[in-house]
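structure-v6.txt follows (compact mmCIF, C-alpha atoms):
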# COMPACT_ATOMS: atom_id res chain seq x y z
CA MET O 163 -28.25 30.70 -57.19
CA ALA O 164 -24.77 31.94 -57.30
CA SER O 165 -21.81 29.69 -57.35
CA ASP O 166 -19.06 30.56 -54.86
CA SER O 167 -15.44 29.46 -54.81
CA PHE O 168 -15.68 27.94 -51.36
CA CYS O 169 -17.20 24.61 -50.51
CA GLY O 170 -20.71 25.36 -49.42
CA ARG O 171 -24.37 25.44 -50.25
CA SER O 172 -26.60 28.31 -50.93
CA ARG O 173 -29.70 29.17 -49.01
CA ARG O 174 -32.89 30.38 -50.57
CA ASP O 175 -32.26 33.88 -49.30
CA GLY O 176 -29.02 34.11 -51.24
CA ASN O 177 -26.64 33.72 -48.30
CA SER O 178 -24.39 30.74 -48.39
CA VAL O 179 -23.57 28.39 -45.55
CA ARG O 180 -19.96 27.40 -45.20
CA THR O 181 -19.15 23.83 -44.38
CA ARG O 182 -15.78 22.55 -43.30
CA ALA O 183 -14.41 19.09 -43.88
CA ILE O 184 -13.30 17.52 -40.57
CA SER O 185 -10.20 15.41 -40.64
CA VAL O 186 -10.86 12.20 -38.74
CA GLY O 187 -7.27 11.03 -39.01
CA SER O 188 -6.02 13.53 -36.39
CA GLU O 189 -8.12 11.88 -33.65
CA ARG O 190 -7.35 8.33 -34.64
CA GLY O 191 -6.10 6.31 -31.63
CA SER O 192 -7.21 8.81 -28.98
CA GLY O 193 -9.57 6.26 -27.44
CA THR O 194 -6.69 3.81 -27.12
CA MET O 195 -4.56 6.40 -25.36
CA LEU O 196 -7.41 7.23 -22.99
CA ALA O 197 -7.91 3.55 -22.19
CA LEU O 198 -4.17 3.10 -21.57
CA ALA O 199 -4.07 6.12 -19.28
CA LEU O 200 -7.07 4.91 -17.30
CA GLY O 201 -5.53 1.44 -17.08
CA ALA O 202 -2.29 2.93 -15.73
CA VAL O 203 -4.22 4.90 -13.10
CA VAL O 204 -6.11 1.79 -12.00
CA MET O 205 -2.87 -0.20 -11.80
CA ALA O 206 -1.22 2.53 -9.71
CA LEU O 207 -4.18 2.55 -7.31
CA LEU O 208 -4.07 -1.23 -7.02
CA LEU O 209 -0.34 -1.12 -6.32
CA GLY O 210 -0.90 1.45 -3.57
CA LEU O 211 -3.65 -0.68 -2.07
CA LEU O 212 -1.39 -3.74 -2.18
CA LEU O 213 1.42 -1.89 -0.39
CA LEU O 214 -1.01 -0.65 2.25
CA ALA O 215 -2.35 -4.15 2.84
CA GLN O 216 1.19 -5.53 3.08
CA ALA O 217 2.08 -2.86 5.65
CA GLY O 218 -0.90 -3.92 7.74
CA VAL O 219 0.08 -7.59 7.57
CA LEU O 220 3.69 -6.88 8.54
CA ALA O 221 2.60 -4.67 11.44
CA SER O 222 0.37 -7.49 12.66
CA ARG O 223 3.22 -10.01 12.35
CA ALA O 224 5.58 -7.73 14.29
CA ALA O 225 2.96 -7.29 17.03
CA SER O 226 2.37 -11.06 17.19
CA ALA O 227 6.08 -11.71 17.51
CA ALA O 228 6.29 -9.16 20.33
CA ASP O 229 3.25 -10.63 22.13
CA LEU O 230 4.54 -14.19 21.99
CA ALA O 231 8.07 -13.17 22.96
CA ALA O 232 6.80 -11.20 25.95
CA LEU O 233 4.66 -14.12 27.11
CA ALA O 234 7.55 -16.57 26.72
CA GLY O 235 9.90 -14.19 28.53
CA ALA O 236 7.40 -13.69 31.36
CA ASP O 237 7.05 -17.45 31.75
CA ALA O 238 10.85 -17.73 32.00
CA ALA O 239 10.97 -14.84 34.50
CA ARG O 240 8.39 -16.57 36.70
CA GLY O 241 10.29 -19.85 36.52
CA LEU O 242 7.65 -21.72 34.52
CA THR O 243 10.20 -22.43 31.76
CA SER O 244 13.98 -22.62 31.87
CA GLY O 245 16.31 -19.91 30.57
CA GLU O 246 16.87 -16.19 30.84
CA PRO O 247 13.75 -14.16 29.98
CA CYS O 248 15.36 -12.04 27.26
CA GLU O 249 17.14 -15.02 25.70
CA VAL O 250 13.85 -16.92 25.55
CA ALA O 251 12.16 -13.84 24.06
CA ALA O 252 14.93 -13.46 21.46
CA SER O 253 14.51 -17.11 20.49
CA VAL O 254 10.76 -16.66 19.95
CA VAL O 255 11.29 -13.45 17.96
CA GLY O 256 13.88 -15.21 15.78
CA GLN O 257 11.38 -17.95 14.95
CA HIS O 258 9.10 -15.23 13.55
CA ASN O 259 11.87 -13.76 11.35
CA ALA O 260 11.81 -10.53 13.34
CA THR O 261 14.47 -8.65 15.29
CA LEU O 262 14.41 -8.06 19.03
CA THR O 263 15.30 -4.39 19.56
CA SER O 264 14.56 -4.12 23.27
CA CYS O 265 13.91 -6.49 26.15
CA VAL O 266 13.49 -5.19 29.70
CA VAL O 267 12.63 -7.23 32.79
CA THR O 268 10.99 -5.05 35.47
CA GLY O 269 9.76 -6.04 38.88
CA GLY O 270 11.43 -9.42 38.52
CA GLU O 271 8.54 -10.98 36.56
CA ILE O 272 7.31 -8.40 34.03
CA VAL O 273 8.90 -8.51 30.57
CA GLU O 274 8.60 -5.70 28.04
CA VAL O 275 9.62 -6.48 24.45
CA VAL O 276 10.00 -4.36 21.29
CA THR O 277 10.40 -6.06 17.91
CA GLU O 278 11.06 -4.96 14.34
CA LEU O 279 10.17 -6.64 11.08
CA PRO O 280 11.66 -5.11 7.90
CA TYR O 281 9.48 -4.34 4.91
CA PRO O 282 10.58 -5.73 1.54
CA PHE O 283 12.71 -3.49 -0.70
CA ASN O 284 14.10 -1.59 2.34
CA VAL O 285 11.05 0.67 2.59
CA GLY O 286 11.07 0.70 6.41
CA VAL O 287 10.28 -1.46 9.40
CA ALA O 288 7.15 -2.54 11.21
CA THR O 289 7.44 -2.45 14.99
CA GLY O 290 5.68 -4.38 17.70
CA HIS O 291 5.56 -3.66 21.42
CA ALA O 292 4.27 -5.96 24.16
CA ARG O 293 4.37 -6.31 27.90
CA ALA O 294 3.58 -9.48 29.87
CA GLY O 295 3.75 -10.61 33.44
CA PRO O 296 1.95 -12.64 36.07
CA PRO O 297 -1.82 -12.37 36.35
CA PRO O 298 -3.07 -9.70 38.78

Can you give me the file's structure in the form of structure tokens?
Amino acid sequence: MASDSFCGRSRRDGNSVRTRAISVGSERGSGTMLALALGAVVMALLLGLLLLAQAGVLASRAASAADLAALAGADAARGLTSGEPCEVAASVVGQHNATLTSCVVTGGEIVEVVTELPYPFNVGVATGHARAGPPP
């Protein structure tokens, strides 16, 4: 068997097999970085899901405020309660922390209401639209 200057072993046929020392230090901490990256991706997805759920809740609240305001305004238009229909509707919308953007009384007894409810952090507004009047 011949001795070579490189780090290796000899085979029986006289050819030598080269082996290379692998440095483990260069990959140290790579699992931690992968776990941190995956954690950040999961957190971003959860944040997006939270914002989507909040948008759905605010849209529902804006629609509820519009429905209740239209019903209250229609009752006032029919004379079942006292007050002007749009003033009564504005009062109901204010109790729901929303803004009355439009109130139209058509046909003397039909009230159409549009409301807005702002999203937090000035991202936008959720709108609600409702129409109410006497039963057919």

Two-atom distance - atom CA of Val285 of chain O, atom CA of Val250 of chain O (Å):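 So the two atoms, atom CA of Val285 of chain O and atom CA of Val250 of chain O, lie 29.1 Å apart.
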
Set up a box along x, y and z of the file covering all listed atoms of segment 265-274 of chain O, add 6 Å on every one of the six sides, and write the centre and edge lengths in Å to one decimal, as lines of an AutoDock Vina configuration file.
center_x = 10.6
center_y = -8.0
center_z = 32.5
size_x = 18.6
size_y = 17.9
size_z = 24.7

Could you check which residues have any atom within 8 Å of (16.1, -4.4, 13.5), counting all atoms listed in the file with coordinates taken straight from the file, and then list them as a compact mmCIF listing (two decimals) with C-alpha atoms, in the coordinates of the input?
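The new file part-v1.txt reads:
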# COMPACT_ATOMS: atom_id res chain seq x y z
CA ALA O 260 11.81 -10.53 13.34
CA THR O 261 14.47 -8.65 15.29
CA LEU O 262 14.41 -8.06 19.03
CA THR O 263 15.30 -4.39 19.56
CA THR O 277 10.40 -6.06 17.91
CA GLU O 278 11.06 -4.96 14.34
CA LEU O 279 10.17 -6.64 11.08
CA PRO O 280 11.66 -5.11 7.90
CA VAL O 287 10.28 -1.46 9.40

Surrounding residues of Val267 of chain O excluding itself and chain neighbours under 2 positions, 12 Å, all atoms listed in the file, as a list in words: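 That gives Ala232, Leu233, Gly235, Ala236, Asp237, Ala238, Ala239, Arg240, Glu246, Pro247, Cys248, Glu249, Ala251, Ser264, Cys265, Gly269, Gly270, Glu271, Ile272, Val273, Glu274, Val275, Arg293, Ala294 and Gly295 of chain O.
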
Could you please take those selected residues and save C-alpha atoms as a CSV table (one decimal), in the coordinates of the input?
chain,number,residue,atom,x,y,z
O,232,ALA,CA,6.8,-11.2,26.0
O,233,LEU,CA,4.7,-14.1,27.1
O,235,GLY,CA,9.9,-14.2,28.5
O,236,ALA,CA,7.4,-13.7,31.4
O,237,ASP,CA,7.0,-17.4,31.8
O,238,ALA,CA,10.8,-17.7,32.0
O,239,ALA,CA,11.0,-14.8,34.5
O,240,ARG,CA,8.4,-16.6,36.7
O,246,GLU,CA,16.9,-16.2,30.8
O,247,PRO,CA,13.8,-14.2,30.0
O,248,CYS,CA,15.4,-12.0,27.3
O,249,GLU,CA,17.1,-15.0,25.7
O,251,ALA,CA,12.2,-13.8,24.1
O,264,SER,CA,14.6,-4.1,23.3
O,265,CYS,CA,13.9,-6.5,26.2
O,269,GLY,CA,9.8,-6.0,38.9
O,270,GLY,CA,11.4,-9.4,38.5
O,271,GLU,CA,8.5,-11.0,36.6
O,272,ILE,CA,7.3,-8.4,34.0
O,273,VAL,CA,8.9,-8.5,30.6
O,274,GLU,CA,8.6,-5.7,28.0
O,275,VAL,CA,9.6,-6.5,24.4
O,293,ARG,CA,4.4,-6.3,27.9
O,294,ALA,CA,3.6,-9.5,29.9
O,295,GLY,CA,3.8,-10.6,33.4

Interatomic distance (Å, one decimal) between atom CA of Ser226 of chain O and atom CA of Ser253 of chain O: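 Taking atom CA of Ser226 of chain O as the start and atom CA of Ser253 of chain O as the end point, the length is 14.0 Å.
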
Two-atom distance - atom CA of Ala288 of chain O, atom CA of Ala228 of chain O (Å):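 Value for the atom CA of Ala288 of chain O-atom CA of Ala228 of chain O distance: 11.3 Å.
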
Option closest in space to Ala231 of chain O, from O:Leu200, O:Leu208, O:Val266, O:Val254 [counting only C-alpha atoms]: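 Of all the options, O:Val254 lies closest to Ala231 of chain O.
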
Do you know which residues are at most 10 Å from Pro282 of chain O counting all atoms listed in the file, after dropping those on the same chain fewer than 5 positions away, and could you put them as a tab-separated table (two decimals) with C-alpha atoms, in the coordinates of the input?
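Ended up saving to result01.tsv:
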chain	number	residue	atom	x	y	z
O	216	GLN	CA	1.19	-5.53	3.08
O	217	ALA	CA	2.08	-2.86	5.65
O	220	LEU	CA	3.69	-6.88	8.54
O	287	VAL	CA	10.28	-1.46	9.40

Nearest to Val255 of chain O, chosen from O:Val219, O:Leu207, O:Ala197, O:Ala225, with only C-alpha atoms counted in the distances: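 Going through O:Val219, O:Leu207, O:Ala197, O:Ala225 one by one, the smallest distance to Val255 of chain O is for O:Ala225.
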
Residue among O:Thr289, O:Thr243, O:Gln257, O:Thr194 lying closest to Leu230 of chain O, counting all atoms listed in the file: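 So, comparing all the options, the nearest one is O:Gln257.
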